[in-house]
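Below is query-v4.txt, holding compact mmCIF, C-alpha atoms.
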# COMPACT_ATOMS: atom_id res chain seq x y z
CA MET A 29 76.19 138.97 57.88
CA LEU A 30 74.10 141.52 55.98
CA SER A 31 72.97 144.45 58.13
CA ALA A 32 69.23 144.88 58.71
CA LYS A 33 69.09 148.16 56.76
CA ALA A 34 71.02 146.73 53.82
CA ALA A 35 68.94 143.54 53.84
CA GLU A 36 65.70 145.48 53.50
CA LEU A 37 67.04 147.60 50.64
CA VAL A 38 68.47 144.57 48.83
CA ARG A 39 65.16 142.72 49.26
CA VAL A 40 63.24 145.63 47.70
CA THR A 41 65.70 146.25 44.86
CA LEU A 42 66.73 142.65 44.02
CA PRO A 43 63.99 142.21 41.38
CA VAL A 44 65.05 145.43 39.63
CA VAL A 45 68.77 144.76 39.87
CA GLY A 46 68.26 141.12 38.95
CA ALA A 47 66.31 142.03 35.83
CA GLU A 48 69.17 144.23 34.64
CA LEU A 49 72.11 142.11 35.81
CA GLU A 50 73.05 140.80 32.37
CA THR A 51 73.04 144.34 30.99
CA ILE A 52 75.05 145.51 33.99
CA THR A 53 77.64 142.74 33.69
CA ALA A 54 77.96 143.25 29.92
CA ARG A 55 78.70 146.95 30.51
CA PHE A 56 81.04 146.02 33.36
CA TYR A 57 83.17 143.67 31.24
CA ASP A 58 83.27 146.05 28.25
CA THR A 59 84.44 148.95 30.42
CA MET A 60 86.90 146.95 32.51
CA PHE A 61 88.56 145.29 29.52
CA GLY A 62 88.70 148.65 27.75
CA ASP A 63 90.74 150.06 30.64
CA HIS A 64 92.56 146.83 31.55
CA PRO A 65 93.10 144.77 28.38
CA GLU A 66 95.85 142.87 30.19
CA LEU A 67 93.15 140.96 32.10
CA LEU A 68 92.28 139.12 28.88
CA ASP A 69 95.88 137.90 28.71
CA GLY A 70 96.07 134.79 30.86
CA LEU A 71 93.09 135.32 33.16
CA PHE A 72 89.71 135.65 31.43
CA ASN A 73 88.41 133.20 28.83
CA ARG A 74 87.75 135.35 25.79
CA GLY A 75 85.64 132.62 24.20
CA ASN A 76 83.21 132.84 27.13
CA GLN A 77 83.29 136.61 26.82
CA ARG A 78 82.25 136.42 23.18
CA SER A 79 79.46 133.94 23.86
CA GLY A 80 78.13 135.85 26.88
CA GLU A 81 78.43 132.82 29.18
CA GLN A 82 80.80 134.57 31.58
CA ARG A 83 78.54 137.56 32.21
CA LYS A 84 75.56 135.23 32.72
CA ALA A 85 77.57 133.31 35.31
CA LEU A 86 78.63 136.49 37.13
CA ALA A 87 75.08 137.84 37.11
CA GLY A 88 73.71 134.54 38.38
CA ALA A 89 76.32 134.31 41.13
CA VAL A 90 75.65 137.82 42.45
CA ALA A 91 71.89 137.31 42.39
CA ALA A 92 72.16 133.85 43.99
CA PHE A 93 74.44 135.16 46.75
CA ALA A 94 72.13 138.08 47.53
CA GLY A 95 69.10 135.80 47.52
CA ALA A 96 70.82 133.33 49.83
CA LEU A 97 71.68 136.09 52.31
CA LEU A 98 68.06 137.19 52.40
CA ALA A 99 66.66 133.66 52.70
CA ASN A 100 69.03 132.58 55.49
CA PRO A 101 70.49 135.69 57.16
CA GLY A 102 72.51 133.67 59.66
CA GLU A 103 74.16 131.38 57.10
CA ARG A 104 76.77 131.90 54.42
CA PRO A 105 76.16 130.01 51.13
CA ASP A 106 79.48 128.18 51.25
CA ALA A 107 78.53 125.58 48.63
CA LEU A 108 78.04 128.33 46.05
CA LEU A 109 81.15 130.21 47.18
CA ALA A 110 83.41 127.13 47.20
CA ARG A 111 82.61 126.37 43.58
CA ILE A 112 83.47 129.95 42.57
CA ALA A 113 86.61 129.99 44.73
CA HIS A 114 87.99 126.86 43.06
CA LYS A 115 87.31 128.33 39.61
CA HIS A 116 89.14 131.50 40.67
CA THR A 117 92.18 129.74 42.11
CA ALA A 118 92.45 127.60 38.99
CA VAL A 119 93.15 130.74 36.95
CA GLY A 120 95.18 132.60 39.58
CA VAL A 121 92.79 135.32 40.76
CA THR A 122 94.41 137.56 43.38
CA ASP A 123 93.04 139.81 46.13
CA ASP A 124 93.77 143.09 44.34
CA GLN A 125 91.62 142.07 41.38
CA TYR A 126 88.51 142.23 43.59
CA VAL A 127 89.15 145.96 43.97
CA ILE A 128 89.28 146.38 40.18
CA VAL A 129 86.09 144.34 39.73
CA HIS A 130 84.32 146.41 42.41
CA LYS A 131 85.18 149.68 40.69
CA TYR A 132 83.86 148.67 37.29
CA LEU A 133 80.91 146.60 38.49
CA PHE A 134 79.50 149.42 40.58
CA GLY A 135 80.23 151.90 37.83
CA ALA A 136 78.15 149.73 35.51
CA ILE A 137 75.30 149.50 38.05
CA ALA A 138 75.18 153.28 38.36
CA GLU A 139 75.31 153.73 34.58
CA VAL A 140 72.58 151.20 33.78
CA LEU A 141 70.17 152.04 36.61
CA GLY A 142 70.87 155.75 36.74
CA ASP A 143 69.03 157.84 39.35
CA ALA A 144 67.33 154.72 40.76
CA VAL A 145 70.62 153.97 42.55
CA THR A 146 70.42 156.19 45.62
CA PRO A 147 73.41 156.41 47.97
CA ASP A 148 71.63 154.08 50.44
CA ILE A 149 70.91 151.48 47.73
CA ALA A 150 74.48 151.70 46.47
CA ALA A 151 75.75 151.17 50.03
CA ALA A 152 73.50 148.14 50.50
CA TRP A 153 74.74 146.42 47.34
CA ASP A 154 78.29 147.45 48.22
CA GLU A 155 77.81 145.51 51.46
CA VAL A 156 76.65 142.46 49.49
CA TYR A 157 79.66 142.65 47.19
CA TRP A 158 82.25 142.89 49.95
CA LEU A 159 80.62 140.12 51.97
CA MET A 160 80.89 137.92 48.90
CA ALA A 161 84.39 139.13 47.99
CA GLY A 162 85.67 138.81 51.54
CA ALA A 163 84.41 135.26 51.86
CA LEU A 164 85.92 134.32 48.49
CA ILE A 165 89.28 135.90 49.33
CA ALA A 166 89.45 133.90 52.57
CA MET A 167 88.44 130.66 50.83
CA GLU A 168 90.89 131.22 48.01
CA ALA A 169 93.73 131.88 50.46
CA ARG A 170 93.06 128.50 52.09
CA ILE A 171 92.86 126.75 48.72
CA TYR A 172 96.13 128.31 47.56
CA ALA A 173 97.78 127.28 50.83
CA GLU A 174 96.60 123.68 50.42
CA ALA A 175 98.07 123.69 46.90
CA GLY A 176 101.38 125.06 48.19
CA ALA A 177 100.91 128.29 46.23
CA ARG A 178 101.04 131.95 47.14
CA ASP A 179 99.45 134.95 45.39
CA GLY A 180 98.07 132.82 42.59
CA ARG A 181 101.45 131.34 41.64
CA THR A 182 100.43 127.75 40.98
CA TRP A 183 102.09 127.16 37.61
CA ARG A 184 104.76 124.69 36.57
CA GLN A 185 105.99 123.02 33.41
CA TRP A 186 105.04 119.48 32.37
CA ARG A 187 106.33 117.43 29.45
CA VAL A 188 104.06 115.45 27.14
CA VAL A 189 105.27 111.85 27.24
CA GLU A 190 102.36 110.26 25.39
CA ARG A 191 99.52 111.37 23.14
CA ARG A 192 96.57 109.02 22.66
CA GLU A 193 93.84 109.52 20.09
CA GLU A 194 90.76 108.53 22.08
CA THR A 195 88.18 109.41 19.40
CA ALA A 196 88.07 111.58 16.30
CA ASP A 197 87.59 114.62 18.57
CA ALA A 198 89.25 113.64 21.86
CA ILE A 199 92.88 113.15 22.79
CA SER A 200 94.55 112.19 26.05
CA LEU A 201 97.88 113.76 26.92
CA VAL A 202 100.06 111.99 29.47
CA LEU A 203 102.29 114.50 31.25
CA ARG A 204 105.36 114.23 33.45
CA PRO A 205 106.42 117.09 35.75
CA ILE A 206 109.63 118.90 34.89
CA GLY A 207 111.98 119.52 37.81
CA ASP A 208 112.35 117.98 41.24
CA GLU A 209 109.76 120.02 43.15
CA PRO A 210 107.00 117.92 44.73
CA VAL A 211 103.77 117.69 42.76
CA PRO A 212 100.68 118.99 44.61
CA PRO A 213 98.32 116.10 45.38
CA ALA A 214 95.18 115.70 43.31
CA ARG A 215 91.83 114.30 44.40
CA PRO A 216 89.86 112.19 41.91
CA GLY A 217 87.57 114.53 39.99
CA GLN A 218 89.68 117.69 40.24
CA TYR A 219 90.86 119.73 37.26
CA VAL A 220 93.90 121.76 36.24
CA SER A 221 94.22 124.88 34.12
CA VAL A 222 96.33 124.66 30.98
CA ARG A 223 97.91 127.95 29.91
CA VAL A 224 98.83 128.38 26.25
CA THR A 225 99.91 131.26 24.04
CA MET A 226 97.62 131.76 21.07
CA PRO A 227 98.89 132.68 17.57
CA ASP A 228 98.05 136.35 18.25
CA GLY A 229 100.27 136.34 21.35
CA VAL A 230 97.47 136.40 23.94
CA ARG A 231 97.66 133.76 26.67
CA GLN A 232 94.52 131.78 27.34
CA LEU A 233 93.56 129.32 30.10
CA ARG A 234 91.23 126.35 29.95
CA GLN A 235 90.36 123.80 32.62
CA TYR A 236 90.67 120.06 31.99
CA THR A 237 89.92 117.26 34.44
CA LEU A 238 92.81 115.06 35.48
CA SER A 239 91.51 111.90 33.85
CA GLY A 240 94.31 109.72 35.21
CA HIS A 241 97.57 109.53 37.14
CA GLY A 242 100.37 107.08 37.70
CA GLY A 243 102.75 106.05 40.45
CA ASP A 244 105.60 107.62 38.49
CA GLY A 245 104.16 111.10 39.01
CA CYS A 246 102.59 111.31 35.55
CA ARG A 247 99.13 112.72 35.07
CA SER A 248 96.82 112.81 32.08
CA ILE A 249 94.21 115.16 30.72
CA THR A 250 91.64 114.36 28.05
CA VAL A 251 90.81 117.21 25.68
CA LYS A 252 87.75 117.30 23.47
CA ARG A 253 88.02 119.49 20.39
CA VAL A 254 85.14 121.95 20.67
CA ARG A 255 83.25 122.25 17.39
CA GLY A 256 81.47 125.57 16.99
CA ASP A 257 78.40 124.35 15.07
CA GLY A 258 77.88 127.78 13.57
CA GLN A 259 79.92 129.56 16.25
CA PRO A 260 83.74 129.81 16.41
CA ASP A 261 85.49 126.55 17.28
CA GLY A 262 87.15 126.30 20.69
CA GLU A 263 90.46 128.06 20.19
CA VAL A 264 92.47 126.33 22.92
CA SER A 265 91.15 122.81 22.33
CA SER A 266 91.74 123.23 18.58
CA LEU A 267 95.30 124.44 19.20
CA LEU A 268 96.10 121.51 21.49
CA HIS A 269 94.69 119.01 19.00
CA ALA A 270 96.56 120.53 16.07
CA THR A 271 99.96 121.25 17.59
CA VAL A 272 100.80 119.32 20.76
CA LYS A 273 103.11 116.33 20.30
CA VAL A 274 105.26 114.08 22.47
CA GLY A 275 108.19 116.02 23.92
CA ASP A 276 106.38 119.36 24.04
CA GLU A 277 106.02 121.32 27.28
CA LEU A 278 102.72 122.55 28.70
CA THR A 279 102.10 124.96 31.56
CA LEU A 280 99.68 123.55 34.12
CA SER A 281 98.25 124.88 37.37
CA ALA A 282 97.95 122.92 40.56
CA PRO A 283 94.77 120.78 40.82
CA PHE A 284 91.57 122.52 41.93
CA GLY A 285 87.86 121.76 42.13
CA ASP A 286 85.42 121.26 45.00
CA VAL A 287 83.70 118.22 43.47
CA SER A 288 85.88 115.22 44.16
CA LEU A 289 85.26 111.68 45.31
CA GLU A 290 84.82 111.46 49.06
CA GLU A 291 85.92 108.39 50.98
CA GLY A 292 83.26 106.24 52.62
CA ASP A 293 81.32 103.05 52.15
CA ALA A 294 78.03 104.38 50.72
CA PRO A 295 77.06 103.07 47.26
CA LEU A 296 78.13 105.29 44.38
CA VAL A 297 76.29 106.31 41.24
CA LEU A 298 78.69 107.87 38.73
CA VAL A 299 76.84 109.62 35.90
CA SER A 300 78.25 111.28 32.78
CA ALA A 301 77.56 112.26 29.20
CA GLY A 302 80.05 113.02 26.45
CA ILE A 303 83.39 114.37 27.64
CA GLY A 304 81.88 114.58 31.14
CA CYS A 305 83.27 111.07 31.50
CA THR A 306 86.70 112.47 32.45
CA PRO A 307 86.11 113.02 36.21
CA ILE A 308 84.16 109.75 36.33
CA ALA A 309 87.13 107.91 34.80
CA ALA A 310 89.42 109.47 37.41
CA MET A 311 87.09 108.35 40.21
CA LEU A 312 86.92 104.84 38.80
CA ARG A 313 90.70 104.66 38.57
CA HIS A 314 91.01 105.69 42.21
CA LEU A 315 88.43 103.11 43.30
CA ALA A 316 90.17 100.36 41.34
CA ASP A 317 93.65 101.34 42.53
CA THR A 318 92.58 101.34 46.17
CA GLY A 319 90.75 98.00 45.92
CA SER A 320 87.40 99.54 46.84
CA THR A 321 84.56 97.14 47.63
CA ARG A 322 81.85 99.81 47.39
CA ARG A 323 78.80 99.25 45.25
CA VAL A 324 79.48 101.34 42.13
CA LEU A 325 76.94 101.97 39.37
CA VAL A 326 78.38 103.72 36.29
CA LEU A 327 75.90 105.41 33.92
CA HIS A 328 77.12 107.08 30.72
CA GLY A 329 75.38 108.49 27.65
CA ASP A 330 77.05 109.38 24.36
CA ARG A 331 76.36 110.00 20.69
CA SER A 332 77.97 106.73 19.61
CA ARG A 333 80.28 103.97 20.78
CA ASP A 334 83.11 105.28 18.58
CA GLY A 335 82.62 108.78 20.00
CA HIS A 336 82.75 107.62 23.62
CA ALA A 337 86.08 108.90 24.95
CA LEU A 338 87.80 106.72 27.58
CA ARG A 339 85.26 103.94 26.89
CA ALA A 340 87.81 101.13 27.24
CA ASP A 341 89.10 102.60 30.50
CA MET A 342 85.60 102.93 31.94
CA GLU A 343 84.77 99.34 30.99
CA ARG A 344 88.01 97.91 32.34
CA LEU A 345 87.96 99.87 35.59
CA THR A 346 84.30 99.16 36.34
CA ASP A 347 84.79 95.46 35.62
CA ALA A 348 87.77 95.43 37.99
CA LEU A 349 85.57 96.45 40.91
CA PRO A 350 84.07 93.53 42.84
CA ASP A 351 80.67 95.25 43.02
CA GLY A 352 80.79 97.42 39.92
CA GLU A 353 78.13 97.67 37.22
CA ARG A 354 77.91 99.83 34.09
CA VAL A 355 75.09 100.88 31.80
CA PHE A 356 75.87 102.83 28.62
CA TRP A 357 73.45 104.55 26.22
CA TYR A 358 74.33 105.40 22.60
CA GLU A 359 72.09 107.53 20.41
CA GLU A 360 73.52 106.09 17.19
CA GLY A 361 74.05 102.44 16.23
CA GLU A 362 73.09 99.22 17.97
CA HIS A 363 75.38 97.50 20.47
CA GLU A 364 74.78 94.40 22.51
CA THR A 365 76.28 95.93 25.65
CA ALA A 366 74.56 99.35 25.44
CA ARG A 367 71.04 100.72 25.45
CA PRO A 368 69.73 102.77 22.53
CA GLY A 369 68.90 106.46 22.71
CA ARG A 370 69.52 108.96 25.47
CA MET A 371 69.98 108.09 29.11
CA ASP A 372 66.75 106.99 30.78
CA LEU A 373 66.75 105.80 34.38
CA ASP A 374 63.57 103.77 33.96
CA GLY A 375 64.48 100.19 34.68
CA VAL A 376 67.81 101.12 36.30
CA GLU A 377 68.00 100.04 39.92
CA ILE A 378 69.57 102.87 41.92
CA PRO A 379 71.22 101.56 45.12
CA GLU A 380 69.60 102.63 48.37
CA GLY A 381 71.54 105.30 50.25
CA ALA A 382 73.65 106.14 47.19
CA VAL A 383 75.88 109.17 46.71
CA ALA A 384 75.90 110.44 43.13
CA TYR A 385 78.48 112.35 41.10
CA MET A 386 77.53 113.84 37.73
CA CYS A 387 79.29 115.59 34.88
CA GLY A 388 77.91 116.54 31.47
CA PRO A 389 75.80 119.20 29.76
CA VAL A 390 73.66 121.20 32.19
CA GLU A 391 70.31 120.11 30.71
CA PHE A 392 71.40 116.49 30.86
CA MET A 393 72.37 116.80 34.52
CA ARG A 394 69.20 118.64 35.38
CA ALA A 395 67.10 115.79 33.96
CA VAL A 396 69.17 113.03 35.54
CA ARG A 397 69.18 114.78 38.90
CA GLY A 398 65.38 114.73 38.87
CA GLY A 399 65.42 111.02 38.08
CA LEU A 400 67.87 110.28 40.88
CA ILE A 401 65.76 112.18 43.40
CA GLU A 402 62.67 110.26 42.27
CA ALA A 403 64.68 107.06 42.78
CA GLY A 404 65.36 108.03 46.39
CA VAL A 405 68.77 109.74 46.26
CA ALA A 406 68.88 112.66 48.70
CA PRO A 407 69.45 116.03 46.95
CA ARG A 408 72.36 116.76 49.31
CA ASP A 409 74.05 113.58 48.07
CA ILE A 410 74.03 114.59 44.40
CA HIS A 411 77.21 116.38 43.37
CA TYR A 412 77.94 117.83 39.94
CA GLU A 413 80.74 119.44 37.96
CA VAL A 414 80.23 121.98 35.18
CA PHE A 415 82.83 122.64 32.51
CA GLY A 416 83.15 126.41 32.00
CA PRO A 417 81.07 129.09 33.77
CA ASP A 418 78.51 127.52 36.10
CA LEU A 419 75.10 128.55 34.75
CA TRP A 420 73.28 126.09 37.01
CA LEU A 421 73.52 127.70 40.41
CA GLY A 422 72.01 126.46 43.63
CA ALA A 423 70.93 123.09 42.28
CA ALA A 424 73.47 120.88 44.00

Encoded form using structure tokens:
Amino acid sequence: MLSAKAAELVRVTLPVVGAELETITARFYDTMFGDHPELLDGLFNRGNQRSGEQRKALAGAVAAFAGALLANPGERPDALLARIAHKHTAVGVTDDQYVIVHKYLFGAIAEVLGDAVTPDIAAAWDEVYWLMAGALIAMEARIYAEAGARDGRTWRQWRVVERREETADAISLVLRPIGDEPVPPARPGQYVSVRVTMPDGVRQLRQYTLSGHGGDGCRSITVKRVRGDGQPDGEVSSLLHATVKVGDELTLSAPFGDVSLEEGDAPLVLVSAGIGCTPIAAMLRHLADTGSTRRVLVLHGDRSRDGHALRADMERLTDALPDGERVFWYEEGEHETARPGRMDLDGVEIPEGAVAYMCGPVEFMRAVRGGLIEAGVAPRDIHYEVFGPDLWLGAA
């Protein structure tokens, strides 16, 4: 792993580098996109660039990786790396792009920190970068191979065969593959990238969980229209809502994602809020389709009953399980079958020895994770999925 000399220099300089990482990554992206604008066409999410979420995620990942190397020199933080690798393969990152990133990232470090970056310090952080990049390249090669893809070529065309209006702001699109090539298998909880061309001609990618599948090879995604609330609306979700109709074609990647339902007989606690219900719905469908007899507790929080996407599916699938139970919370309105307000685990009996899967806003998951741990769920048995850049690193 990290050499002794490099480890000591990284340990001494991590506080300084860490304090400036957001400035460094902002300069990195500005410079790289200035020289390589083509990277914004079909690879990077320009919405996350505008909001700053992407640079926060990159800064957090670099700092978390360096910290993990120092804390456990003999171990590689594979949980952190696997999450990043799946995000990369979902958008088609290739080996040569790590060379481009290295050039501009280290140029930004030198520019921001100036004379503080001695040749020895630069070499130490260079070692950190290539350890991280090398591990990711190897992981991504394996993930591409499992998906039957090479060099990031995971794309194929699908036809929209049904459009369902789930709520005022959520639609489900049922898709059938075009052509006779076999469809890569998907595990319950995984996501695909959807690639669309925006009105200005730039291609953009967004990830959506596979919320369902059928024996006929069809798959479905559920898309929530992102309202900006003072910021720009989500450009891809708005385009899909406004323009996609039955008969249209969409370009989808193979399925990716390291958080998927594992087989076993341990009790399950499936937790979601808002559109985070999509991987939970996929897991429930798998459990129902396979006749699972596992104890399954479904917990979901939403603004209102009418705004709860896939509500009918979650009710039907949970009720179809011989040992399934559901508890819903709605902040607005009163309903006989739901609790008022936000999710609160007080009074909810969490099964002993449970494995938990969560998806929803980061602050929601952070709070629920604490409640699950207090209820006796082992931290290692709590798995979570984040939509967009993962700003909650090292908490799984």

Select all residues near (64.7, 150.1, 43.1) (cut-off 10 Å, inclusive, file coordinates), counting all atoms listed in the file, and output them as a ChimeraX atom specification.
/A:37-45,141,143-146,149

Taking all atoms of segment 98-112 of chain A that the file lists and extending 3 Å past them on each side, where is the centre of the axis-aligned box and how long are its edges? Answer in Å to one decimal, as JSON.
{"center_x": 75.1, "center_y": 131.4, "center_z": 51.1, "size_x": 22.8, "size_y": 17.6, "size_z": 23.1}

Give me, as an NGL selection string, all polymer residues having an atom no more than 7 Å from segment 292-300 of chain A, counting only C-alpha atoms and skipping those fewer than 4 positions away in the same chain.
:A and (304-305 or 308 or 322-329 or 379 or 381-388)

Select all residues near (75.4, 117.7, 35.6) (cut-off 12 Å, inclusive, file coordinates), counting only C-alpha atoms, and output them as a VMD selection string.
chain A and resid 287 298 to 305 307 to 308 328 384 to 398 400 410 to 415 418 to 421 423 to 424

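Summary of the local environment: counting only C-alpha atoms, residues at most 7 Å from Ala113 of chain A, other than itself and those fewer than 3 positions away along its chain, are Leu109, Ala110, His116, Thr117, Leu164, Met167 and Glu168 of chain A.
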
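Take atom CA of Tyr219 of chain A and atom CA of Arg181 of chain A: the distance between them is 16.3 Å.
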
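With all atoms listed in the file as the atoms that count, the residue of A:Ile401, A:Leu86, A:Glu139, A:Ser332 with the shortest distance to Arg370 of chain A is A:Ser332.
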
What does the distance between atom CA of Leu108 of chain A and atom CA of Ile249 of chain A come to in Å, to one decimal place?
25.9 Å

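Here atom CA of Arg339 of chain A is placed at a distance of 15.7 Å from atom CA of Ala316 of chain A.
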
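The shortest atom-to-atom distance to Pro210 of chain A, with all atoms listed in the file taken into account, belongs to A:Ala175 out of A:Leu133, A:Ala175, A:Met311, A:Leu338.
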
Could you give me, as a PyMOL selection string, the residues within 8 Å of Trp357 of chain A, counting only C-alpha atoms and dropping anything in the same chain fewer than 2 positions from it?
chain A and resi 328-330+355+359+366-371
